[in-house]
Each structure stands twice: as structure tokens, then as C-alpha cells.
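> This structure is in C-alpha cells; I'll ask about it shortly.
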Amino acid sequence: MQINLDFKGRHAFVFGGTTGINFGIAQAFARQGASVTVASRKRENVEAASEVLAKFGGPVHGVCADVRDFDAVGQAFAESVERFGPVDVLVSGAAGNFLCEAKDMSSNGFRVVVDIDLVGTFHVLRQAYDHLRKPGASVINITAPQSFVPMRYQAHASAAKAGVDQLTRVLALEWGGDGIRINSISPGPIEDTEGFRRLMAPTEQDRAAAQAHVPMHRFGAVDDIANLALFLGSPYAGYISGSLIPCDGGGALESVKTALELAGRSASAASKSA
């Protein structure tokens, strides 16, 4: 089920919007009539996502850009705004992650996640600024529970996502006078995504352990996050800015912590025995 909000005539731009949660968000805005731009670094993902989004009947633009490349991100915005006009809703969701103990993590491994998750978010928001509708734009960063709950095997992602949360708050202060709202969504364990299968539930045992720790005793669906993004992008959320909003069934910080640490312990043991 999805909430029904009219985004006809509005431009939604989703970075990282070709797979997983972010693709679900892009579909939600397309379903509600928005002109949708999706950006990702893999051309095949951009083409496949654009083909699906076009079936909703609205204008769609797909562009290849790596969030680590500041100039490429700027070009992506320039191309899209030339087609659809100023950005009304921006979703910054590109991310990278893997499980590893800090003592076994290379400098490059740490840097790659920080570059994608934190520096990439800054690139997207900084390059977007001139193209955001003023007043009225809504910016939504996709963060993670490990931004505020320390988790073993997640030193890189925890540091990067904590930075994203603080960037959200700072820019809400700096850009609020322009009529730009900026918020973060922290998804809980969301089924049918690659990250969920790879990091949280690689086995049925891991899956059962994670689900047992969600107070609602179910995993989330992509629509749960998409509906929240639709709300934050709408006038109904017109006085919400600078907020970090968990969408987690009442306790994903507990279930995610359990699942990631169990999976990380297994991965660590496997690497030592190899």
C-alpha cells in the first residue's frame, strides 16, 4: 500500500536510485506523477531502472555519475534541470558497505566507504544547491542505524553515516532561510534488497535472529521507506527540517545491531580460517 500524493509537475531526483531502497523511492515518486531523474555509476543499472520507471507514464531521465566525482555530479544536475526544471525533491542515497573488524580493515577500505557515503553525500548536496527550488525544495538523505548506535564490524559505515546525520543538521540551519528542508531517513531491516541479503540475512538462521529482535516481529518493505520519503517531500511535512527519522518497526537499532554483528563474527572467523 502507498500513500496518495500528487507530484505532477514536480521534479524528483534520486541519487543511487537504480537499485534497492532508492529505486523503490524513485518508483514511488514516478507512480505519483513526478518527473523523475535517477543517477548511478553503472550504466546498465541506469538503463534498466529508466525502462521500469517509464512504464508509469511520466517523464524519466537516467544519468551515469559516481558520487565521488564532484564534477560528474554537477553535470548530472545540469543535464536533468535543463530537461525538467528545478529540483523539488532530492534523495541522496548512494552508499557502500562491508563487514570487517577495524583492526583488519585497510586504510583504503575505510576511505572507500567514507568517500561514497559521506563525501559523496556532500558532493550531491553541494552541487544540488543552485538547482534546488527556493523556496520549497525537500532534501532527503538516506542514513543508517549505525550512525547513532555503535556496531562491531562497522567502524567505517558508522563514522560515515554519523557524518551524514550531522551534515543534515548543519545544512538545515544554513539553508533553512532559502526555504529548503533537509531531513534524514534511517531504514531498519528492509527485505528484498541486496544489502539486506548480503549483510544482515545471509542465512536463514541470521534472518530468524534479526526478525526476533524487531518489536513488530516483521522486516520492513521498500514501500515503508518510500512512503516516508513521499511524505517528507510533500507540503504535509512543510515544517519538518533537520530531523533524523528512523523507519524501523520500533527497534531496528537492536535488530540491525544483532544481525550485523552475528554476520560480521561469521565473516571474521571465515577470513581467519582461510
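We label chains A, B, ... in the order they appear in the C-alpha cells, count residues from 1 in each chain, and number ligands from 1 in the order shown.
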Write out as a list in words which residues come within 6 Å of His11 of chain A when counting only C-alpha atoms, dropping same-chain ones fewer than 4 positions away.

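Here the qualifying residues turn out to be Ala34, Ser35, Val36, Val87 and Asp88 of chain A.
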
> Any idea what's packed within 12 Å of Arg10 of chain A, counting only C-alpha atoms, ignoring anything in its chain fewer than 5 positions away? Could you give it as a PyMOL selection string?

chain A and resi 5+29-30+32-37+58-60+81+84-90+132-133+136-138+233-234

> Per DSSP on the backbone, filter segment 94-220 of chain A down to the residues in strand (DSSP E or B) and report them as a list in words.

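Written out, the strand (DSSP E or B) residues of segment 94-220 of chain A are Leu132, Ser138, Val139, Ile140, Asn141, Ile142, Arg181, Ile182, Asn183, Ser184, Ile185, Ser186, Pro187, Ile190 and Gly220 of chain A.
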
> Write out as a ChimeraX atom specification each polymer residue whose atoms come within 10 Å of Gly17 of chain A, counting only C-alpha atoms; drop sequence neighbours fewer than 3 positions from it.

/A:13-14,20-27,36-40,45-46,49-50,62,91-94

> List the neighbours of segment 103-111 of chain A out to 10 Å using only C-alpha atoms; skip same-chain residues closer than 4 positions along the sequence, and give me the result as a list in words.

Asn97, Phe98, Leu99, Asp115, Ile116, Asp117, Val119, Tyr153, Gln154, Ala155, His156, Ala157, Ala159, Ala160 and Ser268 of chain A

> Which residue out of A:Arg43, A:Cys100, A:Glu51, A:Pro215 has the minimum interatomic distance to Cys64 of chain A when only C-alpha atoms are used?

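Comparing A:Arg43, A:Cys100, A:Glu51, A:Pro215 against Cys64 of chain A, the winner is A:Arg43.
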
> Write down as a VMD selection string the residues belonging to segment 8-96 of chain A that are assigned alpha helix (DSSP H) by DSSP computed on the backbone.

chain A and resid 20 to 31 43 to 54 70 to 84

> Residues as selected, C-alpha atoms, written as a tab-separated table (two decimals), in the first residue's frame, can you do that?


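And here is the file that came out, result19.tsv:
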chain	number	residue	atom	x	y	z
A	20	GLY	CA	17.26	-1.31	-3.71
A	21	ILE	CA	15.54	1.14	-1.39
A	22	ASN	CA	16.40	4.13	-3.55
A	23	PHE	CA	14.89	2.54	-6.65
A	24	GLY	CA	11.73	1.92	-4.63
A	25	ILE	CA	11.68	5.60	-3.70
A	26	ALA	CA	12.13	6.60	-7.35
A	27	GLN	CA	9.23	4.33	-8.34
A	28	ALA	CA	7.04	5.86	-5.64
A	29	PHE	CA	7.59	9.37	-7.00
A	30	ALA	CA	7.06	8.18	-10.58
A	31	ARG	CA	3.82	6.49	-9.53
A	43	ARG	CA	25.13	2.44	-17.00
A	44	GLU	CA	23.35	-0.91	-17.14
A	45	ASN	CA	21.57	-0.13	-13.86
A	46	VAL	CA	20.58	3.33	-15.09
A	47	GLU	CA	19.14	1.92	-18.31
A	48	ALA	CA	17.22	-0.88	-16.57
A	49	ALA	CA	15.78	1.46	-13.93
A	50	SER	CA	14.79	4.08	-16.51
A	51	GLU	CA	12.93	1.47	-18.52
A	52	VAL	CA	10.88	0.42	-15.49
A	53	LEU	CA	10.18	3.99	-14.39
A	54	ALA	CA	8.99	4.97	-17.88
A	70	PHE	CA	32.29	16.21	-7.86
A	71	ASP	CA	32.25	17.44	-11.45
A	72	ALA	CA	30.27	14.44	-12.72
A	73	VAL	CA	27.63	15.07	-10.05
A	74	GLY	CA	27.40	18.70	-11.15
A	75	GLN	CA	26.97	17.68	-14.77
A	76	ALA	CA	24.20	15.26	-13.81
A	77	PHE	CA	22.25	18.08	-12.20
A	78	ALA	CA	22.83	20.44	-15.12
A	79	GLU	CA	21.51	17.88	-17.63
A	80	SER	CA	18.47	17.00	-15.56
A	81	VAL	CA	17.45	20.53	-14.67
A	82	GLU	CA	17.68	21.50	-18.33
A	83	ARG	CA	15.04	18.82	-19.00
A	84	PHE	CA	12.74	19.07	-16.01

> Between A:Ile142, A:Ile240, A:Val149, A:Val214, single out the one closest to Ile180 of chain A, counting only C-alpha atoms.

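Among A:Ile142, A:Ile240, A:Val149, A:Val214, it is A:Ile240 that comes nearest to Ile180 of chain A.
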
> With only C-alpha atoms as the atoms that count, which of A:Gly179, A:Gly16, A:Gly238, A:Gly188 lies nearest to Thr121 of chain A?

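Counting only C-alpha atoms, the residue closest to Thr121 of chain A is A:Gly16.
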
> Could you tell me which of A:Ile182, A:Ala162, A:Ala210, A:Leu171 comes closest to Ser243 of chain A if we count only C-alpha atoms?

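Of the candidates, the smallest distance to Ser243 of chain A is held by A:Ile182.
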
> Check the smallest atom-to-atom distance from each of A:Asn227, A:Thr19, A:Gln146, A:Gln166 to Glu194 of chain A using only C-alpha atoms, then report the winner.

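The shortest atom-to-atom distance to Glu194 of chain A comes from A:Thr19.
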
> Counting only C-alpha atoms, which residue out of A:Arg218, A:Lys55, A:Arg265, A:Lys42 sits closest to Ile190 of chain A?

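Among the listed residues, the smallest separation from Ile190 of chain A belongs to A:Arg218.
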
> Find the distance between atom CA of Leu232 of chain A and atom CA of Ile185 of chain A and write it in Å to one decimal.

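If I compute the distance from atom CA of Leu232 of chain A to atom CA of Ile185 of chain A, I get 9.5 Å.
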